[in-house]
>>> print(open('run_7.cif').read())   # mmCIF, C-alpha atoms
data_coords
#
loop_
_atom_site.label_atom_id
_atom_site.label_comp_id
_atom_site.auth_asym_id
_atom_site.auth_seq_id
_atom_site.Cartn_x
_atom_site.Cartn_y
_atom_site.Cartn_z
CA MET A 1 166.52 262.67 178.58
CA THR A 2 164.45 264.65 176.08
CA ASP A 3 160.97 263.55 175.08
CA THR A 4 160.76 263.75 171.29
CA ASN A 5 157.01 264.27 171.49
CA THR A 6 157.48 267.74 172.97
CA ALA A 7 159.21 268.88 169.79
CA THR A 8 155.95 268.73 167.84
CA VAL A 9 153.21 268.68 170.48
CA GLN A 10 152.90 271.30 173.19
CA ALA A 11 152.52 269.66 176.58
CA PRO A 12 149.51 270.78 178.65
CA ASP A 13 150.22 273.42 181.27
CA MET A 14 149.51 272.80 184.93
CA GLN A 15 146.34 274.91 184.80
CA ASP A 16 144.85 272.59 182.15
CA LEU A 17 145.76 269.57 184.25
CA GLU A 18 144.31 271.15 187.38
CA THR A 19 141.06 271.85 185.51
CA LEU A 20 140.90 268.23 184.38
CA LYS A 21 141.66 266.88 187.86
CA THR A 22 138.99 269.12 189.41
CA ALA A 23 136.43 267.95 186.84
CA TYR A 24 137.44 264.32 187.48
CA ASP A 25 136.98 264.72 191.25
CA ASN A 26 133.62 266.45 190.77
CA ILE A 27 132.33 263.74 188.43
CA ARG A 28 133.32 261.04 190.90
CA GLU A 29 131.53 262.95 193.64
CA GLN A 30 128.33 263.12 191.57
CA ILE A 31 128.51 259.42 190.66
CA GLY A 32 129.06 258.65 194.36
CA LYS A 33 125.58 260.05 195.11
CA VAL A 34 124.09 257.04 193.30
CA ILE A 35 126.82 254.38 193.11
CA VAL A 36 128.41 252.91 196.23
CA GLY A 37 132.01 251.73 195.95
CA GLN A 38 133.33 250.45 192.60
CA GLU A 39 136.16 253.01 192.78
CA GLU A 40 138.40 251.15 190.34
CA VAL A 41 135.56 250.61 187.86
CA ILE A 42 134.66 254.31 187.92
CA GLU A 43 138.29 255.32 187.43
CA GLN A 44 138.69 252.99 184.44
CA LEU A 45 135.39 254.14 182.93
CA LEU A 46 136.39 257.80 183.18
CA VAL A 47 139.83 257.06 181.75
CA SER A 48 138.07 255.50 178.77
CA ILE A 49 135.78 258.52 178.36
CA PHE A 50 138.54 261.14 178.44
CA ALA A 51 140.73 258.98 176.19
CA ARG A 52 137.88 259.02 173.64
CA GLY A 53 137.41 255.26 173.80
CA HIS A 54 134.53 252.80 173.88
CA CYS A 55 134.14 250.48 176.83
CA MET A 56 132.87 246.98 177.63
CA LEU A 57 131.55 246.30 181.14
CA GLU A 58 131.16 242.70 182.22
CA GLY A 59 129.55 241.52 185.43
CA VAL A 60 126.74 239.42 186.83
CA PRO A 61 123.20 240.90 186.97
CA GLY A 62 122.34 243.36 189.72
CA LEU A 63 125.68 245.17 190.03
CA ALA A 64 124.32 248.52 188.75
CA LYS A 65 126.16 248.52 185.42
CA THR A 66 123.27 250.24 183.63
CA LEU A 67 122.76 252.68 186.51
CA LEU A 68 126.46 253.55 186.48
CA VAL A 69 126.42 254.39 182.77
CA SER A 70 123.24 256.50 182.96
CA THR A 71 124.57 258.33 186.03
CA LEU A 72 127.82 259.06 184.19
CA ALA A 73 125.87 260.50 181.25
CA LYS A 74 123.91 262.78 183.60
CA SER A 75 127.04 264.01 185.37
CA LEU A 76 128.55 264.86 181.97
CA SER A 77 125.36 266.51 180.67
CA LEU A 78 125.38 264.29 177.59
CA ASP A 79 122.54 262.75 175.60
CA PHE A 80 121.99 259.13 176.61
CA ALA A 81 120.28 256.24 174.84
CA ARG A 82 119.88 252.62 175.92
CA VAL A 83 119.35 249.71 173.54
CA GLN A 84 118.42 246.31 174.95
CA PHE A 85 120.10 243.82 172.63
CA THR A 86 117.91 240.78 171.89
CA PRO A 87 118.09 237.92 169.35
CA ASP A 88 115.48 239.58 167.08
CA LEU A 89 117.13 243.02 167.03
CA MET A 90 117.90 244.25 163.50
CA PRO A 91 120.76 246.56 162.41
CA SER A 92 118.27 249.27 161.44
CA ASP A 93 116.93 249.22 165.01
CA ILE A 94 120.29 250.70 166.02
CA THR A 95 121.47 252.81 163.12
CA GLY A 96 118.12 253.99 161.76
CA THR A 97 116.20 253.37 158.56
CA GLU A 98 114.95 255.08 155.41
CA ILE A 99 111.23 255.70 155.02
CA ILE A 100 109.20 257.06 152.13
CA GLU A 101 107.68 260.43 152.94
CA GLU A 102 105.49 262.64 150.80
CA ASN A 103 106.67 266.20 150.29
CA LYS A 104 103.58 268.31 151.08
CA THR A 105 104.83 271.17 148.91
CA THR A 106 105.55 269.25 145.70
CA GLY A 107 103.45 266.15 146.28
CA HIS A 108 106.44 263.98 145.38
CA ARG A 109 107.49 261.02 147.49
CA GLU A 110 111.07 260.93 148.67
CA PHE A 111 113.23 258.90 151.00
CA LYS A 112 113.94 260.28 154.45
CA PHE A 113 116.48 258.81 156.87
CA VAL A 114 115.14 258.42 160.39
CA HIS A 115 117.98 258.43 162.91
CA GLY A 116 118.29 255.43 165.21
CA PRO A 117 119.35 255.44 168.88
CA VAL A 118 123.04 255.36 167.88
CA PHE A 119 122.74 259.11 167.20
CA THR A 120 123.49 260.12 170.77
CA ASN A 121 126.49 260.97 172.93
CA VAL A 122 126.44 257.91 175.19
CA LEU A 123 124.97 254.68 173.81
CA LEU A 124 124.42 251.88 176.31
CA ALA A 125 124.47 248.60 174.37
CA ASP A 126 122.91 246.43 177.06
CA GLU A 127 123.77 242.70 176.86
CA ILE A 128 125.46 243.15 173.50
CA ASN A 129 126.26 239.43 173.25
CA ARG A 130 122.53 238.55 173.12
CA THR A 131 122.11 239.74 169.52
CA PRO A 132 123.37 238.03 166.32
CA PRO A 133 126.69 239.05 164.69
CA LYS A 134 124.94 240.95 161.89
CA THR A 135 123.40 243.34 164.39
CA GLN A 136 126.55 243.53 166.51
CA ALA A 137 128.44 244.54 163.36
CA ALA A 138 126.05 247.45 162.83
CA LEU A 139 127.92 249.24 165.59
CA LEU A 140 131.35 248.75 164.00
CA GLU A 141 131.21 251.68 161.58
CA GLY A 142 129.91 254.00 164.27
CA MET A 143 132.56 252.92 166.77
CA GLN A 144 135.45 253.21 164.32
CA GLU A 145 134.43 255.95 161.88
CA ARG A 146 131.90 257.78 164.07
CA GLN A 147 129.37 257.83 161.23
CA VAL A 148 126.52 255.76 159.81
CA SER A 149 126.17 254.91 156.10
CA ALA A 150 122.67 254.47 154.69
CA GLY A 151 121.24 254.84 151.19
CA GLY A 152 124.59 255.89 149.78
CA LYS A 153 124.91 258.76 152.25
CA ARG A 154 127.01 259.24 155.34
CA TYR A 155 125.54 260.64 158.53
CA PRO A 156 128.04 261.83 161.16
CA LEU A 157 127.39 260.86 164.76
CA PRO A 158 127.34 263.47 167.54
CA ASP A 159 130.66 264.37 169.14
CA PRO A 160 131.54 263.18 171.73
CA PHE A 161 130.28 259.67 171.06
CA PHE A 162 130.83 256.61 173.25
CA VAL A 163 129.55 253.04 173.12
CA LEU A 164 129.41 251.54 176.59
CA ALA A 165 128.41 247.91 176.23
CA THR A 166 127.53 245.37 178.91
CA GLN A 167 127.50 241.62 178.85
CA ASN A 168 126.60 238.91 181.35
CA PRO A 169 129.41 236.36 181.88
CA ILE A 170 127.29 233.58 183.38
CA GLU A 171 124.54 233.08 180.78
CA GLN A 172 126.00 231.41 177.69
CA GLU A 173 122.81 229.91 176.26
CA GLY A 174 121.37 232.05 173.49
CA THR A 175 124.38 234.34 173.32
CA TYR A 176 126.67 235.29 170.46
CA PRO A 177 130.21 236.01 171.70
CA LEU A 178 131.72 239.05 170.02
CA PRO A 179 134.45 238.25 167.47
CA GLU A 180 137.99 239.38 168.24
CA ALA A 181 137.84 242.05 165.51
CA GLN A 182 134.94 243.78 167.25
CA LEU A 183 136.31 243.29 170.76
CA ASP A 184 139.47 245.06 169.63
CA ARG A 185 137.38 248.18 168.91
CA PHE A 186 136.67 248.51 172.61
CA PHE A 187 139.26 250.63 174.35
CA MET A 188 138.84 248.74 177.63
CA LYS A 189 137.06 245.76 179.07
CA ILE A 190 136.10 246.41 182.69
CA PHE A 191 135.06 243.72 185.15
CA VAL A 192 132.41 244.81 187.65
CA ASN A 193 132.79 242.69 190.79
CA TYR A 194 130.63 242.12 193.86
CA PRO A 195 130.74 244.88 196.51
CA THR A 196 132.47 244.45 199.87
CA PRO A 197 130.23 243.70 202.90
CA GLU A 198 130.42 247.36 204.00
CA GLU A 199 129.54 248.61 200.52
CA GLU A 200 126.67 246.15 200.19
CA LYS A 201 125.18 247.30 203.50
CA ALA A 202 125.44 250.91 202.33
CA ILE A 203 123.68 249.96 199.07
CA TYR A 204 120.79 248.42 201.00
CA LYS A 205 120.41 251.58 203.10
CA MET A 206 120.63 253.92 200.10
CA MET A 207 118.28 252.06 197.78
CA THR A 208 115.58 251.17 200.33
CA GLY A 209 115.44 254.50 202.16
CA ALA A 210 114.88 258.10 201.13
CA PRO A 211 114.93 258.96 197.40
CA VAL A 212 118.43 258.88 195.92
CA GLN A 213 119.96 262.26 195.09
CA GLU A 214 120.12 263.13 191.41
CA PRO A 215 123.63 263.74 190.06
CA GLN A 216 124.30 267.29 188.87
CA PRO A 217 125.95 268.04 185.50
CA VAL A 218 129.65 268.80 185.82
CA LEU A 219 130.76 269.08 182.19
CA GLY A 220 129.08 269.62 178.84
CA GLY A 221 129.98 268.02 175.53
CA ASP A 222 132.23 270.88 174.39
CA GLU A 223 134.17 270.78 177.66
CA VAL A 224 134.63 267.02 177.36
CA LEU A 225 136.06 267.46 173.85
CA ARG A 226 138.46 270.16 175.05
CA LEU A 227 139.71 268.04 177.95
CA GLN A 228 140.18 265.07 175.62
CA GLN A 229 142.64 267.23 173.68
CA THR A 230 144.41 268.11 176.92
CA VAL A 231 144.92 264.40 177.60
CA ARG A 232 146.47 263.78 174.17
CA ARG A 233 149.13 266.42 174.85
CA VAL A 234 150.47 264.66 177.94
CA PRO A 235 154.02 263.54 177.02
CA ILE A 236 155.35 260.02 177.38
CA ASN A 237 159.06 259.31 177.53
CA ASP A 238 160.70 257.33 174.70
CA LEU A 239 161.91 254.81 177.27
CA LEU A 240 158.30 254.04 178.19
CA LEU A 241 157.24 253.94 174.53
CA ASP A 242 159.87 251.26 173.96
CA TYR A 243 158.58 249.42 177.00
CA VAL A 244 155.00 249.45 175.68
CA MET A 245 156.19 248.13 172.32
CA ARG A 246 158.13 245.28 173.94
CA LEU A 247 155.18 244.46 176.19
CA ILE A 248 152.76 244.29 173.24
CA ARG A 249 155.12 242.35 170.98
CA ALA A 250 155.74 239.86 173.78
CA THR A 251 152.05 238.85 173.65
CA ARG A 252 152.56 237.32 170.18
CA TYR A 253 153.66 233.72 170.54
CA ALA A 254 155.40 233.66 167.14
CA GLN A 255 157.78 236.47 168.13
CA ALA A 256 161.25 235.43 169.26
CA GLU A 257 161.01 237.74 172.29
CA ALA A 258 157.81 236.12 173.56
CA PRO A 259 158.29 234.39 176.95
CA ASP A 260 157.78 230.65 177.14
CA PHE A 261 154.49 230.99 179.02
CA ILE A 262 153.09 233.10 176.17
CA LYS A 263 153.97 230.41 173.64
CA ARG A 264 152.35 227.83 175.90
CA TRP A 265 149.16 229.71 176.81
CA LEU A 266 148.14 232.12 174.02
CA LEU A 267 146.48 231.55 170.68
CA TRP A 268 146.53 235.22 169.76
CA GLY A 269 148.17 238.37 171.05
CA ALA A 270 147.57 242.11 170.91
CA GLY A 271 148.06 244.23 167.80
CA PRO A 272 149.30 247.82 167.48
CA ARG A 273 145.85 249.14 168.45
CA GLY A 274 146.40 247.57 171.86
CA GLY A 275 149.66 249.49 172.29
CA GLN A 276 148.01 252.75 171.25
CA ALA A 277 145.20 252.14 173.73
CA LEU A 278 147.63 251.40 176.56
CA ILE A 279 149.57 254.62 175.91
CA MET A 280 146.38 256.72 175.76
CA ALA A 281 145.01 255.08 178.92
CA ALA A 282 148.26 255.81 180.78
CA LYS A 283 148.28 259.42 179.54
CA THR A 284 144.70 259.88 180.67
CA ARG A 285 145.27 258.35 184.11
CA ALA A 286 148.26 260.64 184.67
CA ALA A 287 146.29 263.71 183.55
CA LEU A 288 143.25 262.87 185.69
CA GLN A 289 145.54 262.73 188.71
CA GLY A 290 147.05 266.08 187.81
CA ARG A 291 150.47 264.75 186.79
CA PRO A 292 152.27 266.21 183.74
CA GLU A 293 153.92 263.02 182.49
CA VAL A 294 153.21 259.29 182.21
CA SER A 295 154.81 256.96 184.76
CA VAL A 296 155.48 253.23 184.80
CA GLU A 297 152.73 252.90 187.39
CA ASP A 298 150.18 254.34 184.94
CA LEU A 299 151.08 251.73 182.33
CA HIS A 300 150.90 248.90 184.84
CA ALA A 301 147.58 250.10 186.28
CA MET A 302 145.95 250.24 182.83
CA ALA A 303 147.54 247.14 181.27
CA VAL A 304 144.94 244.58 182.44
CA PRO A 305 141.70 246.41 181.43
CA VAL A 306 143.26 247.51 178.12
CA LEU A 307 144.74 244.13 177.10
CA ARG A 308 142.53 241.44 178.68
CA HIS A 309 140.09 241.31 175.74
CA ARG A 310 142.87 241.43 173.15
CA LEU A 311 144.49 238.16 174.24
CA VAL A 312 143.06 234.75 173.35
CA VAL A 313 144.13 231.97 175.72
CA ASN A 314 144.21 228.31 174.70
CA TYR A 315 143.20 225.06 176.41
CA ASN A 316 146.60 224.72 178.07
CA ALA A 317 146.06 227.99 179.92
CA GLU A 318 142.54 227.05 181.00
CA ALA A 319 143.75 223.64 182.20
CA GLU A 320 146.42 225.33 184.30
CA GLY A 321 143.96 227.84 185.78
CA GLU A 322 145.26 230.82 183.82
CA ASN A 323 143.29 233.54 182.07
CA ALA A 324 144.01 236.74 180.16
CA ASP A 325 144.30 238.78 183.37
CA SER A 326 146.89 236.50 184.92
CA VAL A 327 148.85 236.40 181.64
CA VAL A 328 149.05 240.22 181.53
CA LYS A 329 150.19 240.34 185.16
CA ARG A 330 152.89 237.77 184.47
CA LEU A 331 154.01 239.76 181.43
CA ILE A 332 154.43 242.87 183.59
CA GLU A 333 156.68 240.86 185.90
CA ALA A 334 158.60 239.22 183.04
CA ILE A 335 159.26 242.20 180.73
CA PRO A 336 161.83 244.69 182.10
CA VAL A 337 161.01 248.37 181.81
CA GLY A 338 164.45 249.46 180.63
CA ALA A 339 166.19 248.19 177.50
CA ASP A 340 168.71 246.56 179.84
CA ALA A 341 167.18 243.40 181.30
CA GLY A 342 168.55 244.42 184.69
CA ALA A 343 166.71 247.74 184.73
CA THR A 344 164.11 248.23 187.42
CA ASN A 345 161.03 250.39 187.60
CA ALA A 346 162.66 252.51 190.29
CA ALA A 347 165.69 253.13 188.09
CA VAL A 348 163.50 254.17 185.19
CA GLN A 349 161.55 256.54 187.42
CA ARG A 350 164.81 258.17 188.54
CA THR A 351 165.81 258.57 184.88
CA LEU A 352 162.46 260.16 184.03
CA ALA A 353 162.64 262.48 187.04
CA SER A 354 166.02 263.80 185.95
CA SER A 355 165.00 264.30 182.30
#
>>> encode(input="run_7.cif", output="structure tokens")
Amino acid sequence: MTDTNTATVQAPDMQDLETLKTAYDNIREQIGKVIVGQEEVIEQLLVSIFARGHCMLEGVPGLAKTLLVSTLAKSLSLDFARVQFTPDLMPSDITGTEIIEENKTTGHREFKFVHGPVFTNVLLADEINRTPPKTQAALLEGMQERQVSAGGKRYPLPDPFFVLATQNPIEQEGTYPLPEAQLDRFFMKIFVNYPTPEEEKAIYKMMTGAPVQEPQPVLGGDEVLRLQQTVRRVPINDLLLDYVMRLIRATRYAQAEAPDFIKRWLLWGAGPRGGQALIMAAKTRAALQGRPEVSVEDLHAMAVPVLRHRLVVNYNAEAEGENADSVVKRLIEAIPVGADAGATNAAVQRTLASS
């Protein structure tokens, strides 16, 4: 089977993939100097970075979400800024504001735009759901267009640029849940869970003993941009593209192909942006592991963090103990990989291997 993508896009060579895999391993090693465990979280976060996507991290307080993001920024040698979102935060506190300044040469007063903290490489939007929608929306243009508009002018943001937002799932008082339109701008939503007993003991030893080692820079901004282009050139077979399309379309309860449990449990499904994100996440995961082509396993591994925030469950689902994660997992079981309903993942992998 021939991948039509290779006709127009040159696939990365093995040296490019080896460079990316080496960088990936080195970054994980540097993060491991400060962060204990959370292997899956780190993998998903790095997939999001190299896929050029923004990320939402959700977890209870004290799980080192902020420390993880700042450590990642140091290991990538990128500028880092942290904004603590509060109910009184204004949009200009994020994007910047215009001030009147006197020109010492001419004596005339003129407006000058003072850049806000969004003008950085990695922006940590801490507890993003604690600020009103108007301020939350101030990030939308930057996340989507990678620019800020002020006073009739456009100011481009640095490249690379990532918004890594956190929110606390247990405190609902005084919070403003993000609307679906803004959630959809996040490439992934990552759940940060409690550590295992062994990991927790190691955390106690590390954080209460000798000073923690500082992570060393592995990549600069230009190198990150170059490796992001490498990821985009990873081919994906048409068979898997069809599978992604059927998976995404099956999340929409009004579609004829939607399974019965989707019609019973979902208020809203994923749009085309969700399919694009799933494909890019799978490409990135394959590239970070040094593989030259996307596999079914890559799609399945990335499906939950990519789609969980793009599905809206209803009261029926909550009453039956279901959530977005369980719905995605059931979809993976219900939707066959091949066009033939009898096709199996193993059969598809054999087809891809022989192409």
>>> atom_distance(input="run_7.cif", atom1="CA of Ile332 (chain A)", atom2="CA of Ile262 (chain A)")
12.3 Å
>>> resolve_selection(input="run_7.cif", expression="the PyMOL selection byres ((chain A and resi 299-308) around 6)", output="ChimeraX atom specification")
/A:188-190,282,296-298,309-311,324-325
>>> resolve_selection(input="run_7.cif", expression="the PyMOL selection byres ((chain A and resi 191-207) around 8)", output="list of chain:residue names")
A:Val36, A:Gly37, A:Gln38, A:Val41, A:Leu57, A:Glu58, A:Gly59, A:Val60, A:Leu63, A:Lys65, A:Lys189, A:Ile190, A:Thr208, A:Gly209, A:Ala210, A:Pro211, A:Val212
>>> residues_around(input="run_7.cif", residues="Asp93 (chain A)", least_positions_apart="6", cutoff="10 Å", atoms="all atoms listed in the file", output="PyMOL selection string")
chain A and resi 83+85+115-118+135+138
>>> resolve_selection(input="run_7.cif", expression="the PyMOL selection byres ((chain A and resi 253) around 8)", output="ChimeraX atom specification")
/A:250-252,254-256,258-259,262-263,266-269
>>> atom_distance(input="run_7.cif", atom1="CA of Leu123 (chain A)", atom2="CA of Val163 (chain A)")
4.9 Å
>>> closest_residue(input="run_7.cif", among="A:Val294, A:Ile128, A:Val337, A:Ala137", to="Asn168 (chain A)", atoms="all atoms listed in the file")
A:Ile128
>>> closest_residue(input="run_7.cif", among="A:Leu67, A:Leu241, A:Met143, A:Ala51", to="Thr95 (chain A)", atoms="all atoms listed in the file")
A:Met143
>>> residues_around(input="run_7.cif", residues="Gln213 (chain A)", least_positions_apart="5", cutoff="10 Å", atoms="all atoms listed in the file", output="list of chain:residue names")
A:Gln30, A:Gly32, A:Lys33, A:Val34, A:Met206
>>> closest_residue(input="run_7.cif", among="A:Gly321, A:Arg273, A:Asn314, A:Arg246", to="Ile335 (chain A)", atoms="all atoms listed in the file")
A:Arg246
>>> axis_aligned_box(input="run_7.cif", around="region 70-79 of chain A", padding_each_side="6 Å", output="AutoDock Vina command-line options")
--center_x 125.5 --center_y 261.5 --center_z 180.8 --size_x 18.0 --size_y 22.0 --size_z 22.4
>>> closest_residue(input="run_7.cif", among="A:Gln167, A:Thr97, A:Asn26, A:Ser149", to="Gln216 (chain A)", atoms="all atoms listed in the file")
A:Asn26
>>> residues_around(input="run_7.cif", residues="Glu322 (chain A)", least_positions_apart="4", cutoff="12 Å", atoms="all atoms listed in the file", output="list in words")
Phe261, Ile262, Arg264, Trp265, Leu266, Val312, Val313, Asn314, Tyr315, Asn316, Ala317, Glu318, Ser326, Val327, Val328, Lys329 and Arg330 of chain A
>>> atom_distance(input="run_7.cif", atom1="CA of Arg154 (chain A)", atom2="CA of Thr86 (chain A)")
26.4 Å
>>> closest_residue(input="run_7.cif", among="A:Val122, A:Val231, A:Ile236, A:Ile31", to="Ala287 (chain A)", atoms="all atoms listed in the file")
A:Val231
>>> closest_residue(input="run_7.cif", among="A:Cys55, A:Ala23, A:Ala165, A:Ala319", to="Phe187 (chain A)", atoms="all atoms listed in the file")
A:Cys55
>>> residues_near_point(input="run_7.cif", point="(136.9, 257.0, 173.9)", cutoff="12 Å", atoms="only C-alpha atoms", output="ChimeraX atom specification")
/A:44-56,121-122,143-144,146,159-164,185-188,224-225,228-229,231-232,277,280-281,284
>>> residues_around(input="run_7.cif", residues="Glu293 (chain A)", least_positions_apart="2", cutoff="6 Å", atoms="only C-alpha atoms", output="short mmCIF file (atom, residue, chain, number, x, y, z; two decimals) with C-alpha atoms, in the frame of the given file")
data_model
loop_
_atom_site.label_atom_id
_atom_site.label_comp_id
_atom_site.auth_asym_id
_atom_site.auth_seq_id
_atom_site.Cartn_x
_atom_site.Cartn_y
_atom_site.Cartn_z
CA VAL A 234 150.47 264.66 177.94
CA PRO A 235 154.02 263.54 177.02
CA ARG A 291 150.47 264.75 186.79
#
>>> decode(input="run_7.cif", residues="region 240-265 of chain A", atoms="N, CA and C atoms", output="tab-separated table (two decimals), in the first residue's frame")
chain	number	residue	atom	x	y	z
A	240	LEU	N	-5.10	4.29	8.22
A	240	LEU	CA	-5.19	4.86	9.56
A	240	LEU	C	-5.87	6.23	9.54
A	241	LEU	N	-5.69	6.99	8.45
A	241	LEU	CA	-6.43	8.25	8.32
A	241	LEU	C	-7.93	7.98	8.30
A	242	ASP	N	-8.34	6.97	7.56
A	242	ASP	CA	-9.76	6.60	7.53
A	242	ASP	C	-10.25	6.19	8.91
A	243	TYR	N	-9.38	5.48	9.63
A	243	TYR	CA	-9.76	5.04	10.98
A	243	TYR	C	-9.96	6.23	11.91
A	244	VAL	N	-9.05	7.21	11.84
A	244	VAL	CA	-9.19	8.42	12.67
A	244	VAL	C	-10.49	9.13	12.33
A	245	MET	N	-10.80	9.25	11.05
A	245	MET	CA	-12.03	9.94	10.65
A	245	MET	C	-13.26	9.22	11.20
A	246	ARG	N	-13.28	7.88	11.11
A	246	ARG	CA	-14.43	7.14	11.61
A	246	ARG	C	-14.53	7.23	13.13
A	247	LEU	N	-13.38	7.26	13.79
A	247	LEU	CA	-13.36	7.39	15.25
A	247	LEU	C	-13.94	8.74	15.68
A	248	ILE	N	-13.51	9.81	15.01
A	248	ILE	CA	-13.97	11.15	15.36
A	248	ILE	C	-15.46	11.31	15.03
A	249	ARG	N	-15.86	10.87	13.86
A	249	ARG	CA	-17.27	11.00	13.46
A	249	ARG	C	-18.19	10.18	14.36
A	250	ALA	N	-17.67	9.11	14.91
A	250	ALA	CA	-18.48	8.27	15.79
A	250	ALA	C	-18.77	8.93	17.13
A	251	THR	N	-18.05	10.03	17.46
A	251	THR	CA	-18.32	10.73	18.72
A	251	THR	C	-19.53	11.66	18.62
A	252	ARG	N	-20.06	11.83	17.42
A	252	ARG	CA	-21.18	12.76	17.21
A	252	ARG	C	-22.49	11.98	17.20
A	253	TYR	N	-23.30	12.22	18.21
A	253	TYR	CA	-24.48	11.37	18.41
A	253	TYR	C	-25.48	11.45	17.27
A	254	ALA	N	-25.45	12.54	16.48
A	254	ALA	CA	-26.42	12.69	15.39
A	254	ALA	C	-26.01	11.90	14.14
A	255	GLN	N	-24.76	11.43	14.11
A	255	GLN	CA	-24.30	10.67	12.95
A	255	GLN	C	-24.86	9.26	12.98
A	256	ALA	N	-25.20	8.75	11.80
A	256	ALA	CA	-25.78	7.40	11.72
A	256	ALA	C	-24.80	6.35	12.23
A	257	GLU	N	-23.48	6.59	12.04
A	257	GLU	CA	-22.49	5.59	12.43
A	257	GLU	C	-22.14	5.63	13.91
A	258	ALA	N	-22.72	6.55	14.66
A	258	ALA	CA	-22.42	6.63	16.09
A	258	ALA	C	-23.00	5.43	16.82
A	259	PRO	N	-22.20	4.77	17.67
A	259	PRO	CA	-22.71	3.64	18.46
A	259	PRO	C	-23.82	4.07	19.40
A	260	ASP	N	-24.59	3.13	19.85
A	260	ASP	CA	-25.72	3.43	20.73
A	260	ASP	C	-25.28	4.11	22.02
A	261	PHE	N	-24.12	3.70	22.57
A	261	PHE	CA	-23.70	4.30	23.84
A	261	PHE	C	-23.32	5.77	23.65
A	262	ILE	N	-22.89	6.15	22.46
A	262	ILE	CA	-22.60	7.56	22.19
A	262	ILE	C	-23.90	8.36	22.20
A	263	LYS	N	-24.91	7.84	21.56
A	263	LYS	CA	-26.20	8.53	21.52
A	263	LYS	C	-26.82	8.63	22.91
A	264	ARG	N	-26.48	7.69	23.77
A	264	ARG	CA	-27.05	7.69	25.11
A	264	ARG	C	-26.26	8.57	26.09
A	265	TRP	N	-24.96	8.73	25.86
A	265	TRP	CA	-24.11	9.36	26.86
A	265	TRP	C	-23.55	10.73	26.49
